[in-house]
file work19.cif (mmCIF, C-alpha atoms)
data_start
#
loop_
_atom_site.label_atom_id
_atom_site.label_comp_id
_atom_site.auth_asym_id
_atom_site.auth_seq_id
_atom_site.Cartn_x
_atom_site.Cartn_y
_atom_site.Cartn_z
CA MET A 1 140.71 110.60 -6.43
CA ASP A 2 143.64 113.02 -6.65
CA GLU A 3 147.21 111.79 -7.14
CA LEU A 4 148.25 112.27 -3.51
CA ALA A 5 145.21 110.37 -2.19
CA GLU A 6 145.83 107.59 -4.72
CA LEU A 7 149.47 107.35 -3.67
CA ALA A 8 148.45 107.17 0.00
CA VAL A 9 145.97 104.33 -0.67
CA LYS A 10 148.55 102.43 -2.74
CA SER A 11 151.07 102.80 0.09
CA VAL A 12 148.60 101.40 2.64
CA ILE A 13 147.76 98.46 0.38
CA LEU A 14 151.41 97.60 -0.29
CA SER A 15 152.09 97.84 3.45
CA LEU A 16 149.21 95.44 4.18
CA VAL A 17 150.55 92.91 1.68
CA THR A 18 154.11 93.08 3.00
CA GLU A 19 152.85 92.96 6.61
CA TYR A 20 150.97 89.77 5.75
CA TRP A 21 154.00 87.99 4.25
CA ASP A 22 156.27 89.23 7.04
CA ASP A 23 153.89 87.68 9.57
CA VAL A 24 153.91 84.41 7.62
CA ASP A 25 157.72 84.40 7.37
CA THR A 26 158.65 85.55 10.87
CA ASN A 27 155.61 84.76 13.05
CA TRP A 28 154.30 81.53 11.50
CA GLY A 29 151.22 83.37 10.19
CA ALA A 30 149.79 83.81 13.67
CA ARG A 31 148.06 87.06 12.65
CA ALA A 32 147.59 86.34 8.94
CA HIS A 33 143.90 85.43 9.24
CA THR A 34 143.12 88.78 10.91
CA LEU A 35 144.19 90.64 7.77
CA PHE A 36 141.34 89.05 5.77
CA THR A 37 137.67 89.95 5.69
CA GLU A 38 135.47 87.55 7.70
CA ASP A 39 134.63 85.71 4.48
CA GLY A 40 138.05 86.16 2.86
CA VAL A 41 139.48 83.53 0.53
CA PHE A 42 143.10 82.34 0.57
CA GLY A 43 144.00 80.28 -2.50
CA SER A 44 141.79 79.00 -5.29
CA GLY A 45 139.86 75.96 -6.37
CA GLU A 46 139.89 72.86 -4.20
CA THR A 47 142.79 74.14 -2.08
CA ALA A 48 141.12 77.43 -1.11
CA TYR A 49 140.58 78.34 2.53
CA THR A 50 137.44 80.39 3.05
CA GLY A 51 136.92 82.56 6.10
CA ARG A 52 139.23 83.53 8.92
CA GLN A 53 138.75 80.24 10.81
CA GLN A 54 139.91 78.11 7.87
CA ILE A 55 142.84 80.41 7.14
CA LYS A 56 143.85 80.26 10.81
CA ALA A 57 143.50 76.45 10.77
CA PHE A 58 145.93 76.29 7.84
CA TYR A 59 148.56 78.41 9.61
CA ASP A 60 148.06 76.54 12.91
CA TRP A 61 148.68 73.27 11.04
CA ARG A 62 151.69 74.79 9.28
CA VAL A 63 153.40 75.68 12.57
CA SER A 64 152.62 72.22 13.98
CA ARG A 65 154.82 70.63 11.28
CA GLY A 66 157.99 71.84 13.00
CA ASP A 67 160.91 74.07 12.11
CA ARG A 68 160.86 75.65 8.66
CA VAL A 69 162.60 78.67 7.24
CA VAL A 70 160.64 80.52 4.57
CA ARG A 71 160.76 83.83 2.76
CA HIS A 72 158.10 85.12 0.39
CA LEU A 73 159.65 87.70 -1.96
CA ILE A 74 157.34 90.16 -3.70
CA ASN A 75 158.30 91.78 -7.01
CA ASN A 76 156.63 94.06 -9.53
CA PRO A 77 153.56 95.06 -7.49
CA MET A 78 150.88 96.70 -9.62
CA ILE A 79 147.99 98.27 -7.71
CA THR A 80 144.71 99.24 -9.33
CA ILE A 81 142.25 101.29 -7.32
CA GLU A 82 138.83 100.29 -8.60
CA SER A 83 136.75 102.46 -6.26
CA PRO A 84 137.24 104.28 -2.96
CA ASP A 85 136.55 100.96 -1.17
CA ARG A 86 138.06 98.35 -3.49
CA ALA A 87 141.51 97.74 -4.99
CA THR A 88 143.49 94.96 -6.64
CA ILE A 89 147.20 94.25 -6.36
CA ARG A 90 149.06 91.89 -8.68
CA TYR A 91 152.64 90.81 -8.02
CA ILE A 92 155.14 88.08 -8.64
CA MET A 93 155.98 86.03 -5.56
CA THR A 94 159.10 83.91 -5.23
CA ILE A 95 159.18 81.45 -2.34
CA TYR A 96 162.32 80.04 -0.74
CA ALA A 97 161.51 77.52 1.99
CA VAL A 98 163.15 74.48 3.59
CA ASP A 99 162.25 72.46 6.69
CA GLY A 100 164.81 72.85 9.48
CA VAL A 101 166.71 75.64 11.22
CA PRO A 102 169.16 78.08 9.61
CA VAL A 103 171.54 77.96 7.91
CA LEU A 104 169.99 75.70 5.25
CA SER A 105 171.05 74.78 1.72
CA VAL A 106 168.89 75.84 -1.17
CA SER A 107 169.39 75.26 -4.87
CA GLY A 108 166.59 77.47 -6.14
CA PRO A 109 163.16 78.82 -5.28
CA ASN A 110 160.32 76.48 -4.35
CA SER A 111 158.00 78.37 -6.65
CA ILE A 112 157.41 81.53 -8.60
CA SER A 113 153.76 82.55 -8.88
CA GLU A 114 151.59 85.41 -9.93
CA VAL A 115 149.44 86.55 -7.01
CA VAL A 116 146.27 88.60 -7.32
CA GLU A 117 144.68 90.09 -4.24
CA VAL A 118 141.39 91.93 -3.97
CA LEU A 119 141.24 94.31 -1.02
CA VAL A 120 138.27 96.16 0.43
CA ARG A 121 137.74 98.76 3.13
CA ASP A 122 136.16 97.52 6.32
CA ALA A 123 133.54 99.38 8.39
CA GLN A 124 136.31 101.26 10.25
CA GLY A 125 137.87 102.47 6.98
CA GLY A 126 140.87 100.12 7.11
CA TRP A 127 141.80 97.73 4.31
CA LYS A 128 141.31 93.95 4.47
CA ILE A 129 142.08 91.16 2.03
CA ARG A 130 138.95 89.75 0.39
CA SER A 131 140.84 87.24 -1.73
CA LYS A 132 144.43 86.12 -2.37
CA THR A 133 144.85 83.77 -5.34
CA PHE A 134 147.96 82.21 -6.83
CA THR A 135 148.83 81.10 -10.34
CA ALA A 136 151.96 78.95 -10.40
CA LEU A 137 154.44 79.93 -13.09
CA PHE A 138 157.45 77.83 -12.02
CA ARG A 139 157.89 75.01 -9.48
CA GLY A 140 161.17 74.13 -7.85
CA GLU A 141 162.34 70.79 -6.52
CA GLU A 142 161.50 71.58 -2.86
CA PRO A 143 157.69 71.59 -2.39
CA THR A 144 155.74 74.46 -0.91
CA THR A 145 153.70 73.80 2.24
CA THR A 146 150.40 72.18 1.28
CA MET A 147 148.02 70.59 3.75
CA PRO A 148 147.29 66.94 2.82
CA ASP A 149 143.73 66.46 1.49
CA HIS A 150 142.61 64.06 4.25
CA LEU A 151 143.81 66.43 6.97
CA ARG A 152 142.36 69.44 5.18
CA ARG A 153 138.94 67.79 5.02
CA SER A 154 139.16 66.89 8.70
CA LEU A 155 140.37 70.27 9.96
CA LEU A 156 138.11 72.38 7.79
CA SER A 157 134.90 70.37 8.04
CA ASP A 158 131.99 71.91 9.89
CA GLU A 159 130.74 68.40 10.66
CA PRO A 160 132.02 66.24 13.54
CA GLN A 161 134.58 63.67 12.40
CA ASP A 162 134.24 59.92 12.94
CA GLN A 163 136.87 59.00 15.55
CA SER A 164 137.00 55.26 14.65
#

call {"tool": "encode", "arguments": {"input": "work19.cif", "output": "structure tokens"}}
result
Amino acid sequence: MDELAELAVKSVILSLVTEYWDDVDTNWGARAHTLFTEDGVFGSGETAYTGRQQIKAFYDWRVSRGDRVVRHLINNPMITIESPDRATIRYIMTIYAVDGVPVLSVSGPNSISEVVEVLVRDAQGGWKIRSKTFTALFRGEEPTTTMPDHLRRSLLSDEPQDQS
């Protein structure tokens, strides 16, 4: 891949990542799930959401909690193009978030994490997120938004839930 083509791909990938976090910050993540592959993974381990339906369920739950102001800040993006159809981006993400409406007090970030995303080209030649994983480096006093385990199991289960 020549330098100009590589620069163009890196620009598209960085735009996809910033489009994702802008949607999360300003649109409650209403479109976030559409930026993943059908089998995309958001998170890691027991708290991972797999597939667009689970990712959408997380963001639907998030908006149902009520007013919250959040900004995901991305620093030091490093993009590696592994093949014409696969790339990885690593960056540091700082989250500021507080429940309520602006203007809110904040004493520091909620978290600072390293994020690694694997992106692939879809059948139409566009880029989609295959996986987005986080490694926490620092945690602030205000928690990040995490779905409670019992609700997560209920919302993400493929089996009907006992209503008793």

call {"tool": "closest_residue", "arguments": {"input": "work19.cif", "among": "A:Leu156, A:Leu119, A:Val69, A:Glu6", "to": "Val103 in chain A", "atoms": "all atoms listed in the file"}}
result
A:Val69

call {"tool": "residues_around", "arguments": {"input": "work19.cif", "residues": "range 32-42 of chain A", "least_positions_apart": "4", "cutoff": "6 Å", "atoms": "all atoms listed in the file", "output": "short mmCIF file (atom, residue, chain, number, x, y, z; two decimals) with C-alpha atoms, in the frame of the given file"}}
result
data_model
loop_
_atom_site.label_atom_id
_atom_site.label_comp_id
_atom_site.auth_asym_id
_atom_site.auth_seq_id
_atom_site.Cartn_x
_atom_site.Cartn_y
_atom_site.Cartn_z
CA TYR A 20 150.97 89.77 5.75
CA ALA A 48 141.12 77.43 -1.11
CA TYR A 49 140.58 78.34 2.53
CA THR A 50 137.44 80.39 3.05
CA GLY A 51 136.92 82.56 6.10
CA ARG A 52 139.23 83.53 8.92
CA ILE A 55 142.84 80.41 7.14
CA LYS A 56 143.85 80.26 10.81
CA LYS A 128 141.31 93.95 4.47
CA ILE A 129 142.08 91.16 2.03
CA ARG A 130 138.95 89.75 0.39
CA SER A 131 140.84 87.24 -1.73
CA LYS A 132 144.43 86.12 -2.37
#

call {"tool": "closest_residue", "arguments": {"input": "work19.cif", "among": "A:Ala57, A:Leu104, A:Thr26, A:Ile92", "to": "Arg71 in chain A", "atoms": "all atoms listed in the file"}}
result
A:Thr26

call {"tool": "residues_around", "arguments": {"input": "work19.cif", "residues": "Thr133 in chain A", "least_positions_apart": "2", "cutoff": "7 Å", "atoms": "only C-alpha atoms", "output": "VMD selection string"}}
result
chain A and resid 42 to 44 115 to 117 131 135

call {"tool": "residues_around", "arguments": {"input": "work19.cif", "residues": "Thr18 in chain A", "least_positions_apart": "6", "cutoff": "12 Å", "atoms": "only C-alpha atoms", "output": "PyMOL selection string"}}
result
chain A and resi 11-12+24-26+32+35+71-75+77+89+91+93

call {"tool": "resolve_selection", "arguments": {"input": "work19.cif", "expression": "the PyMOL selection byres ((chain A and resi 80) around 10)", "output": "JSON, numbers by chain"}}
result
{"A": [6, 10, 77, 78, 79, 81, 82, 83, 86, 87, 88, 89, 90, 118]}

call {"tool": "residues_around", "arguments": {"input": "work19.cif", "residues": "Ile95 in chain A", "least_positions_apart": "5", "cutoff": "10 Å", "atoms": "all atoms listed in the file", "output": "list of chain:residue names"}}
result
A:Val70, A:Arg71, A:His72, A:Leu73, A:Ile74, A:Gly108, A:Pro109, A:Asn110, A:Ser111, A:Ile112, A:Ser113, A:Arg139, A:Gly140, A:Pro143, A:Thr144

call {"tool": "closest_residue", "arguments": {"input": "work19.cif", "among": "A:Glu114, A:Asp122, A:Glu46, A:Asp85", "to": "Arg152 in chain A", "atoms": "all atoms listed in the file"}}
result
A:Glu46

call {"tool": "closest_residue", "arguments": {"input": "work19.cif", "among": "A:Ala123, A:Glu142, A:Glu19, A:Leu4", "to": "Ser105 in chain A", "atoms": "all atoms listed in the file"}}
result
A:Glu142

call {"tool": "residues_around", "arguments": {"input": "work19.cif", "residues": "Thr146 in chain A", "least_positions_apart": "2", "cutoff": "9 Å", "atoms": "all atoms listed in the file", "output": "number ranges by chain"}}
result
A: 47, 58, 62, 143-144, 148-149

call {"tool": "atom_distance", "arguments": {"input": "work19.cif", "atom1": "CA of Pro84 in chain A", "atom2": "CA of Asp22 in chain A"}}
result
26.2 Å

call {"tool": "closest_residue", "arguments": {"input": "work19.cif", "among": "A:Asn27, A:Gly45, A:Asn76, A:Ser107", "to": "Tyr59 in chain A", "atoms": "all atoms listed in the file"}}
result
A:Asn27
